[in-house]
Amino acid sequence: MKRKKLVIIFLIICFVVVVLLLKPKNPSFNIMGLNETNRICQIGDDYYYTEKDGVYRYGESEPFIKTDESILLASYNDCFYVCNSGNGNIKMYTTKGEMIDEIDLDTAITCFTVYNDSVIYVDDEKKLYIQNEWVAINLSETEVIYSKISDFHCFKYEKFDGVSIYSKESNNSIFHYIDRNSGYIPFAEENFFIVSDSTNRSDVSFYKYIKEDMSCQGSVMLPIANYIPFYVQTVSDKIIYVATSEPLDPHVSRIEARQLKYHIEDSVLIIDADSLEIEKHHETKKYERILYADTEKAITYYKGNYCTYSMSDWKLLEKQSAREIKNGGSYSFEVCGDLLFVFDDETDELINSLNLS
């Protein structure tokens with residue numbers, strides 16, 4: 001009788017183990033909002049994006065430009081630039097697919113952009129270059145440095161690798177690159193700019209610096225602790241800051257933390273860049289991830305649906321099915337123009353897009 005009970009207990013344990021092993025994993029979300037990814041660009045009303053076999057024009061099923069190289073994509077002045085990330089060879093195309101120029105940087109590229117006929121890029125040694133002027137800036141300085149280089153305002157971050165470049169003419173953001181723990185410049189205009197603490201701090205503050213004498217004219221500590229920022233954008237004079245709470249288990253890496261099973265909550269803040277006043281602060285439910293936010297609305301993923309909320313009062317405005325998101329899958333979400341693109345990380349394919357307008 002005792003032996004029979006032991007057999008039954010053993011079978012129950014085996015059944016539980018099998019169920020746990022077969023239980024599907026939660027999806028992983030990689031929300032792109034802090035760095036240049038060079039995966040999507042817009043020219044006029046058309047969007048172009050990369051997959052494993054080349055460059056696609058949005059809405060078409062065949063590659064616009066076919067290639068099996070590992071490529072990065074950028075656009076400027078109605079042309080787009082396809083860069084081989086392994087050797088820095090850049091080919092310039094018209095929207096008709098005609099190659100009209102070629103630039104050979106002769107180095108591996110992490111990310112790049114083109115502005116006023118200059119190629120701005122970070123190589124695999126984390127050095128910033130502005131091609132044509134050949135200005136090399138090592139990103140490992142130990143203080144915040146503001147430099148005027150040709151047509152650009154260039155900012156380097158305190159203690160960690162990172163750089164932001166803004167246009168002198170328009171003050172618009174041109175290029176961002178940050179390392180894993182870097183601070184960043186979420187806002188810049190003619191007279192001042194905002195600096196964030198590095199992302200490895202439990203508490204994060206924003207600091208306002210005057211360009212003329214680099215004096216600090218104010219700061220604000222964000223009302224969230226132990227959060228990892230993953231999406232930051234500027235709308236007019238407002239900073240949209242989105243971060244996710246770090247997992248309770250300290251052994252969970254930042255890559256593992258993308259899995260929904262480790263999620264606690266996301267926070268979104270709207271911050272006035274001039275006064276540093278925090279105008280809005282909303283938090284999500286457990287297992288609800290923010291995919292996009294602006295001053296009017298936010299889009300989240302929650303329980304198999306895309307949910308749109310009003311930023312004024314966090315009222316649910318719309319819900320639509322996210323059938324393409326499967327348990328155990330890994331997905332990237334990236335904004336370009338008026339669309340939020342959804343990519344399957346395993347196949348590298350575009351699987352959906354959400355209209356933001």
# chains A, B, ... in the order shown; residues from 1 in each chain; ligands from 1
$ residues_around --residues "region 204-219 of chain A" --least-positions-apart "5" --cutoff "9 Å" --atoms "only C-alpha atoms" --output "MDAnalysis selection string"
chainID A and resid 145:146 190:199 224:227 273:276
$ residues_around --residues "Cys79 (chain A)" --least-positions-apart "3" --cutoff "9 Å" --atoms "only C-alpha atoms" --output "PDB file with C-alpha atoms, in the first residue's frame"
ATOM      1  CA  ILE A  43      10.064  59.857 -47.411  1.00  0.00           C
ATOM      2  CA  ALA A  74      18.287  56.254 -43.218  1.00  0.00           C
ATOM      3  CA  SER A  75      16.665  58.981 -45.332  1.00  0.00           C
ATOM      4  CA  TYR A  76      17.336  62.625 -46.148  1.00  0.00           C
ATOM      5  CA  MET A  92      22.233  56.299 -51.960  1.00  0.00           C
ATOM      6  CA  TYR A  93      18.939  55.598 -53.782  1.00  0.00           C
ATOM      7  CA  THR A  94      16.073  57.573 -55.239  1.00  0.00           C
ATOM      8  CA  THR A  95      12.498  56.588 -54.442  1.00  0.00           C
TER       9      THR A  95
END
$ atom_distance --atom1 "CA of Glu51 (chain A)" --atom2 "CA of Leu350 (chain A)"
7.8 Å
$ atom_distance --atom1 "CA of Phe64 (chain A)" --atom2 "CA of Asn84 (chain A)"
16.3 Å
$ residues_around --residues "Leu34 (chain A)" --least-positions-apart "5" --cutoff "8 Å" --atoms "only C-alpha atoms" --output "PDB file with all heavy atoms, in the first residue's frame"
ATOM      1  N   HIS A 176      20.688  60.186 -31.977  1.00  0.00           N
ATOM      2  CA  HIS A 176      20.884  59.789 -30.582  1.00  0.00           C
ATOM      3  C   HIS A 176      21.624  58.453 -30.548  1.00  0.00           C
ATOM      4  O   HIS A 176      21.299  57.534 -31.294  1.00  0.00           O
ATOM      5  CB  HIS A 176      19.550  59.601 -29.851  1.00  0.00           C
ATOM      6  CG  HIS A 176      18.857  60.871 -29.523  1.00  0.00           C
ATOM      7  ND1 HIS A 176      19.272  61.711 -28.518  1.00  0.00           N
ATOM      8  CD2 HIS A 176      17.757  61.457 -30.048  1.00  0.00           C
ATOM      9  CE1 HIS A 176      18.463  62.748 -28.440  1.00  0.00           C
ATOM     10  NE2 HIS A 176      17.537  62.619 -29.370  1.00  0.00           N
ATOM     11  N   TYR A 177      22.589  58.355 -29.669  1.00  0.00           N
ATOM     12  CA  TYR A 177      23.194  57.055 -29.365  1.00  0.00           C
ATOM     13  C   TYR A 177      23.513  57.013 -27.883  1.00  0.00           C
ATOM     14  O   TYR A 177      24.173  57.917 -27.360  1.00  0.00           O
ATOM     15  CB  TYR A 177      24.484  56.826 -30.152  1.00  0.00           C
ATOM     16  CG  TYR A 177      25.212  55.590 -29.662  1.00  0.00           C
ATOM     17  CD1 TYR A 177      24.790  54.328 -30.066  1.00  0.00           C
ATOM     18  CD2 TYR A 177      26.271  55.681 -28.762  1.00  0.00           C
ATOM     19  CE1 TYR A 177      25.421  53.189 -29.588  1.00  0.00           C
ATOM     20  CE2 TYR A 177      26.906  54.544 -28.284  1.00  0.00           C
ATOM     21  CZ  TYR A 177      26.475  53.307 -28.703  1.00  0.00           C
ATOM     22  OH  TYR A 177      27.091  52.173 -28.216  1.00  0.00           O
ATOM     23  N   ILE A 178      23.009  55.993 -27.183  1.00  0.00           N
ATOM     24  CA  ILE A 178      23.367  55.829 -25.778  1.00  0.00           C
ATOM     25  C   ILE A 178      23.747  54.386 -25.512  1.00  0.00           C
ATOM     26  O   ILE A 178      23.204  53.454 -26.110  1.00  0.00           O
ATOM     27  CB  ILE A 178      22.230  56.253 -24.819  1.00  0.00           C
ATOM     28  CG1 ILE A 178      21.028  55.316 -24.919  1.00  0.00           C
ATOM     29  CG2 ILE A 178      21.806  57.679 -25.055  1.00  0.00           C
ATOM     30  CD1 ILE A 178      20.001  55.550 -23.833  1.00  0.00           C
ATOM     31  N   PHE A 230      12.664  53.461 -21.378  1.00  0.00           N
ATOM     32  CA  PHE A 230      12.758  52.762 -22.665  1.00  0.00           C
ATOM     33  C   PHE A 230      12.156  53.564 -23.811  1.00  0.00           C
ATOM     34  O   PHE A 230      12.314  53.205 -24.968  1.00  0.00           O
ATOM     35  CB  PHE A 230      12.098  51.382 -22.585  1.00  0.00           C
ATOM     36  CG  PHE A 230      10.615  51.401 -22.284  1.00  0.00           C
ATOM     37  CD1 PHE A 230       9.675  51.536 -23.297  1.00  0.00           C
ATOM     38  CD2 PHE A 230      10.162  51.261 -20.981  1.00  0.00           C
ATOM     39  CE1 PHE A 230       8.322  51.547 -23.016  1.00  0.00           C
ATOM     40  CE2 PHE A 230       8.810  51.275 -20.683  1.00  0.00           C
ATOM     41  CZ  PHE A 230       7.884  51.410 -21.697  1.00  0.00           C
ATOM     42  N   TYR A 231      11.469  54.666 -23.509  1.00  0.00           N
ATOM     43  CA  TYR A 231      10.857  55.461 -24.578  1.00  0.00           C
ATOM     44  C   TYR A 231      10.829  56.910 -24.138  1.00  0.00           C
ATOM     45  O   TYR A 231      10.248  57.240 -23.102  1.00  0.00           O
ATOM     46  CB  TYR A 231       9.437  54.948 -24.856  1.00  0.00           C
ATOM     47  CG  TYR A 231       8.731  55.653 -25.999  1.00  0.00           C
ATOM     48  CD1 TYR A 231       8.882  55.199 -27.306  1.00  0.00           C
ATOM     49  CD2 TYR A 231       7.929  56.766 -25.774  1.00  0.00           C
ATOM     50  CE1 TYR A 231       8.248  55.845 -28.348  1.00  0.00           C
ATOM     51  CE2 TYR A 231       7.285  57.407 -26.818  1.00  0.00           C
ATOM     52  CZ  TYR A 231       7.451  56.943 -28.108  1.00  0.00           C
ATOM     53  OH  TYR A 231       6.834  57.585 -29.152  1.00  0.00           O
ATOM     54  N   VAL A 232      11.484  57.783 -24.909  1.00  0.00           N
ATOM     55  CA  VAL A 232      11.498  59.212 -24.617  1.00  0.00           C
ATOM     56  C   VAL A 232      11.348  59.965 -25.931  1.00  0.00           C
ATOM     57  O   VAL A 232      12.040  59.663 -26.903  1.00  0.00           O
ATOM     58  CB  VAL A 232      12.808  59.641 -23.919  1.00  0.00           C
ATOM     59  CG1 VAL A 232      12.798  61.148 -23.663  1.00  0.00           C
ATOM     60  CG2 VAL A 232      12.994  58.891 -22.601  1.00  0.00           C
TER      61      VAL A 232
END
$ select_by_dssp --residues "region 289-353 of chain A" --states "strand (DSSP E)" --output "JSON, numbers by chain"
{"A": [289, 290, 291, 292, 293, 297, 298, 299, 300, 301, 302, 305, 306, 307, 308, 309, 310, 316, 317, 318, 319, 320, 321, 330, 331, 332, 333, 334, 335, 336, 339, 340, 341, 342, 343, 344, 349, 350, 351, 352, 353]}
$ write_last_selection --atoms "C-alpha atoms" --output "CSV table (one decimal), in the first residue's frame"
chain,number,residue,atom,x,y,z
A,289,ARG,CA,3.2,47.5,-21.4
A,290,ILE,CA,3.2,51.0,-22.9
A,291,LEU,CA,4.2,50.9,-26.6
A,292,TYR,CA,3.8,54.6,-27.6
A,293,ALA,CA,2.9,57.9,-25.9
A,297,LYS,CA,-2.7,59.6,-25.9
A,298,ALA,CA,-0.9,56.4,-25.1
A,299,ILE,CA,-1.0,52.9,-26.6
A,300,THR,CA,-0.5,49.8,-24.5
A,301,TYR,CA,-0.5,46.1,-24.9
A,302,TYR,CA,-2.7,44.3,-22.3
A,305,ASN,CA,-5.3,43.8,-27.0
A,306,TYR,CA,-3.9,47.1,-28.0
A,307,CYS,CA,-5.4,49.7,-25.7
A,308,THR,CA,-5.5,53.5,-26.4
A,309,TYR,CA,-5.8,55.8,-23.4
A,310,SER,CA,-6.4,59.6,-23.1
A,316,LEU,CA,-9.7,54.0,-22.2
A,317,LEU,CA,-10.6,55.3,-25.6
A,318,GLU,CA,-10.2,52.3,-27.9
A,319,LYS,CA,-9.3,48.6,-27.8
A,320,GLN,CA,-8.3,46.4,-30.7
A,321,SER,CA,-7.1,42.8,-31.0
A,330,SER,CA,9.6,38.2,-29.1
A,331,TYR,CA,8.4,41.5,-30.7
A,332,SER,CA,9.8,44.9,-31.4
A,333,PHE,CA,7.7,48.1,-31.6
A,334,GLU,CA,9.0,51.2,-33.3
A,335,VAL,CA,7.4,54.5,-34.3
A,336,CYS,CA,8.0,56.2,-37.6
A,339,LEU,CA,2.6,54.5,-37.7
A,340,LEU,CA,3.6,52.2,-34.9
A,341,PHE,CA,5.4,49.2,-36.6
A,342,VAL,CA,5.3,45.7,-35.0
A,343,PHE,CA,8.1,43.3,-35.9
A,344,ASP,CA,8.5,39.6,-35.1
A,349,GLU,CA,9.3,40.4,-40.5
A,350,LEU,CA,6.8,43.3,-40.2
A,351,ILE,CA,3.6,41.7,-38.9
A,352,ASN,CA,1.4,44.7,-38.1
A,353,SER,CA,1.2,48.5,-38.0
$ residues_around --residues "Lys52 (chain A)" --least-positions-apart "3" --cutoff "10 Å" --atoms "only C-alpha atoms" --output "MDAnalysis selection string"
chainID A and resid 55 63 66:71 347:349
$ write_last_selection --atoms "all heavy atoms" --output "mmCIF file, in the first residue's frame"
data_model
loop_
_atom_site.group_PDB
_atom_site.id
_atom_site.type_symbol
_atom_site.label_atom_id
_atom_site.label_comp_id
_atom_site.auth_asym_id
_atom_site.auth_seq_id
_atom_site.Cartn_x
_atom_site.Cartn_y
_atom_site.Cartn_z
ATOM 1 N N VAL A 55 15.288 45.794 -48.468
ATOM 2 C CA VAL A 55 14.488 46.957 -48.076
ATOM 3 C C VAL A 55 13.106 46.844 -48.703
ATOM 4 O O VAL A 55 12.986 46.569 -49.908
ATOM 5 C CB VAL A 55 15.155 48.270 -48.535
ATOM 6 C CG1 VAL A 55 14.301 49.475 -48.157
ATOM 7 C CG2 VAL A 55 16.551 48.390 -47.951
ATOM 8 N N PRO A 63 10.663 42.771 -51.940
ATOM 9 C CA PRO A 63 11.678 43.774 -51.565
ATOM 10 C C PRO A 63 11.811 44.874 -52.609
ATOM 11 O O PRO A 63 11.827 44.612 -53.815
ATOM 12 C CB PRO A 63 12.966 42.952 -51.471
ATOM 13 C CG PRO A 63 12.534 41.544 -51.292
ATOM 14 C CD PRO A 63 11.229 41.424 -52.024
ATOM 15 N N LYS A 66 16.697 44.331 -53.028
ATOM 16 C CA LYS A 66 16.990 42.999 -52.514
ATOM 17 C C LYS A 66 18.472 42.879 -52.164
ATOM 18 O O LYS A 66 19.331 43.233 -52.957
ATOM 19 C CB LYS A 66 16.609 41.937 -53.549
ATOM 20 C CG LYS A 66 16.593 40.517 -53.007
ATOM 21 C CD LYS A 66 16.015 39.559 -54.022
ATOM 22 C CE LYS A 66 15.967 38.143 -53.482
ATOM 23 N NZ LYS A 66 15.120 38.008 -52.293
ATOM 24 N N THR A 67 18.756 42.414 -50.949
ATOM 25 C CA THR A 67 20.141 42.187 -50.524
ATOM 26 C C THR A 67 20.134 41.249 -49.326
ATOM 27 O O THR A 67 19.182 41.236 -48.541
ATOM 28 C CB THR A 67 20.850 43.498 -50.141
ATOM 29 O OG1 THR A 67 22.161 43.195 -49.661
ATOM 30 C CG2 THR A 67 20.096 44.238 -49.050
ATOM 31 N N ASP A 68 21.180 40.448 -49.188
ATOM 32 C CA ASP A 68 21.296 39.558 -48.027
ATOM 33 C C ASP A 68 22.315 40.103 -47.023
ATOM 34 O O ASP A 68 22.700 39.429 -46.077
ATOM 35 C CB ASP A 68 21.698 38.139 -48.465
ATOM 36 C CG ASP A 68 23.007 38.111 -49.255
ATOM 37 O OD1 ASP A 68 23.623 39.184 -49.445
ATOM 38 O OD2 ASP A 68 23.416 37.020 -49.673
ATOM 39 N N GLU A 69 22.747 41.355 -47.214
ATOM 40 C CA GLU A 69 23.683 41.975 -46.277
ATOM 41 C C GLU A 69 22.948 42.408 -45.003
ATOM 42 O O GLU A 69 21.729 42.584 -45.004
ATOM 43 C CB GLU A 69 24.336 43.211 -46.915
ATOM 44 C CG GLU A 69 25.164 42.905 -48.151
ATOM 45 C CD GLU A 69 25.666 44.182 -48.830
ATOM 46 O OE1 GLU A 69 25.150 45.276 -48.490
ATOM 47 O OE2 GLU A 69 26.553 44.086 -49.697
ATOM 48 N N SER A 70 23.705 42.589 -43.927
ATOM 49 C CA SER A 70 23.149 43.179 -42.706
ATOM 50 C C SER A 70 23.140 44.689 -42.914
ATOM 51 O O SER A 70 24.194 45.328 -42.963
ATOM 52 C CB SER A 70 24.006 42.808 -41.493
ATOM 53 O OG SER A 70 23.514 43.429 -40.334
ATOM 54 N N ILE A 71 21.951 45.271 -43.044
ATOM 55 C CA ILE A 71 21.870 46.660 -43.489
ATOM 56 C C ILE A 71 21.200 47.561 -42.462
ATOM 57 O O ILE A 71 20.392 47.139 -41.654
ATOM 58 C CB ILE A 71 21.121 46.782 -44.837
ATOM 59 C CG1 ILE A 71 19.717 46.191 -44.737
ATOM 60 C CG2 ILE A 71 21.919 46.136 -45.949
ATOM 61 C CD1 ILE A 71 18.879 46.409 -45.977
ATOM 62 N N THR A 347 11.547 36.120 -36.933
ATOM 63 C CA THR A 347 11.560 36.082 -38.397
ATOM 64 C C THR A 347 12.069 37.383 -39.005
ATOM 65 O O THR A 347 12.348 37.432 -40.204
ATOM 66 C CB THR A 347 10.143 35.823 -38.928
ATOM 67 O OG1 THR A 347 9.290 36.925 -38.560
ATOM 68 C CG2 THR A 347 9.587 34.538 -38.355
ATOM 69 N N ASP A 348 12.179 38.441 -38.182
ATOM 70 C CA ASP A 348 12.603 39.763 -38.645
ATOM 71 C C ASP A 348 11.592 40.383 -39.606
ATOM 72 O O ASP A 348 11.930 41.265 -40.384
ATOM 73 C CB ASP A 348 13.985 39.688 -39.312
ATOM 74 C CG ASP A 348 14.714 41.017 -39.273
ATOM 75 O OD1 ASP A 348 14.536 41.750 -38.277
ATOM 76 O OD2 ASP A 348 15.447 41.344 -40.222
ATOM 77 N N GLU A 349 10.340 39.937 -39.552
ATOM 78 C CA GLU A 349 9.323 40.406 -40.483
ATOM 79 C C GLU A 349 8.385 41.412 -39.819
ATOM 80 O O GLU A 349 8.100 41.321 -38.625
ATOM 81 C CB GLU A 349 8.505 39.232 -41.015
ATOM 82 C CG GLU A 349 9.315 38.267 -41.867
ATOM 83 C CD GLU A 349 8.478 37.080 -42.335
ATOM 84 O OE1 GLU A 349 7.336 36.923 -41.822
ATOM 85 O OE2 GLU A 349 8.944 36.327 -43.187
#
$ closest_residue --among "A:Asp104, A:Asp313, A:Glu283, A:Glu346" --to "Gly329 (chain A)" --atoms "only C-alpha atoms"
A:Glu346
$ residues_around --residues "Leu260 (chain A)" --least-positions-apart "2" --cutoff "9 Å" --atoms "only C-alpha atoms" --output "list in words"
Lys25, Asn26, Pro27, Ser28, Phe29, Ala257, Arg258, Tyr262, His263, Ile264, Tyr287, Glu288 and Arg289 of chain A
$ residues_around --residues "region 113-122 of chain A" --least-positions-apart "6" --cutoff "9 Å" --atoms "only C-alpha atoms" --output "PDB file with C-alpha atoms, in the first residue's frame"
ATOM      1  CA  GLU A  36      18.653  55.201 -33.589  1.00  0.00           C
ATOM      2  CA  ASN A  38      18.039  52.484 -38.701  1.00  0.00           C
ATOM      3  CA  LEU A  73      18.563  52.452 -43.290  1.00  0.00           C
ATOM      4  CA  ALA A  74      18.287  56.254 -43.218  1.00  0.00           C
ATOM      5  CA  SER A  75      16.665  58.981 -45.332  1.00  0.00           C
ATOM      6  CA  TYR A  76      17.336  62.625 -46.148  1.00  0.00           C
ATOM      7  CA  ASN A  77      16.055  65.038 -48.837  1.00  0.00           C
ATOM      8  CA  TYR A  81      20.684  55.462 -47.742  1.00  0.00           C
ATOM      9  CA  LEU A 128      31.306  59.333 -33.182  1.00  0.00           C
ATOM     10  CA  TYR A 129      32.276  60.632 -36.628  1.00  0.00           C
ATOM     11  CA  ILE A 130      30.880  63.392 -38.803  1.00  0.00           C
ATOM     12  CA  GLN A 131      31.915  62.419 -42.309  1.00  0.00           C
ATOM     13  CA  ASN A 132      33.136  65.131 -44.712  1.00  0.00           C
ATOM     14  CA  GLU A 133      34.663  67.021 -41.779  1.00  0.00           C
ATOM     15  CA  ASP A 151      25.726  72.641 -38.567  1.00  0.00           C
ATOM     16  CA  SER A 167      20.361  70.934 -35.719  1.00  0.00           C
ATOM     17  CA  ILE A 174      19.126  64.594 -35.607  1.00  0.00           C
ATOM     18  CA  PHE A 175      20.821  61.676 -33.903  1.00  0.00           C
ATOM     19  CA  TYR A 177      23.194  57.055 -29.365  1.00  0.00           C
TER      20      TYR A 177
END
$ select_by_dssp --residues "region 91-323 of chain A" --states "helix (DSSP H, G or I)" --output "mmCIF file with C-alpha atoms, in the first residue's frame"
data_model
loop_
_atom_site.group_PDB
_atom_site.id
_atom_site.type_symbol
_atom_site.label_atom_id
_atom_site.label_comp_id
_atom_site.auth_asym_id
_atom_site.auth_seq_id
_atom_site.Cartn_x
_atom_site.Cartn_y
_atom_site.Cartn_z
ATOM 1 C CA GLU A 256 15.051 38.972 -19.524
ATOM 2 C CA ALA A 257 13.025 41.841 -18.043
ATOM 3 C CA ARG A 258 11.413 42.333 -21.467
ATOM 4 C CA LEU A 260 5.868 39.988 -19.678
ATOM 5 C CA LYS A 261 6.060 37.562 -16.743
ATOM 6 C CA TYR A 262 8.548 39.867 -14.983
#
$ atom_distance --atom1 "CA of Ile271 (chain A)" --atom2 "CA of Leu222 (chain A)"
9.5 Å
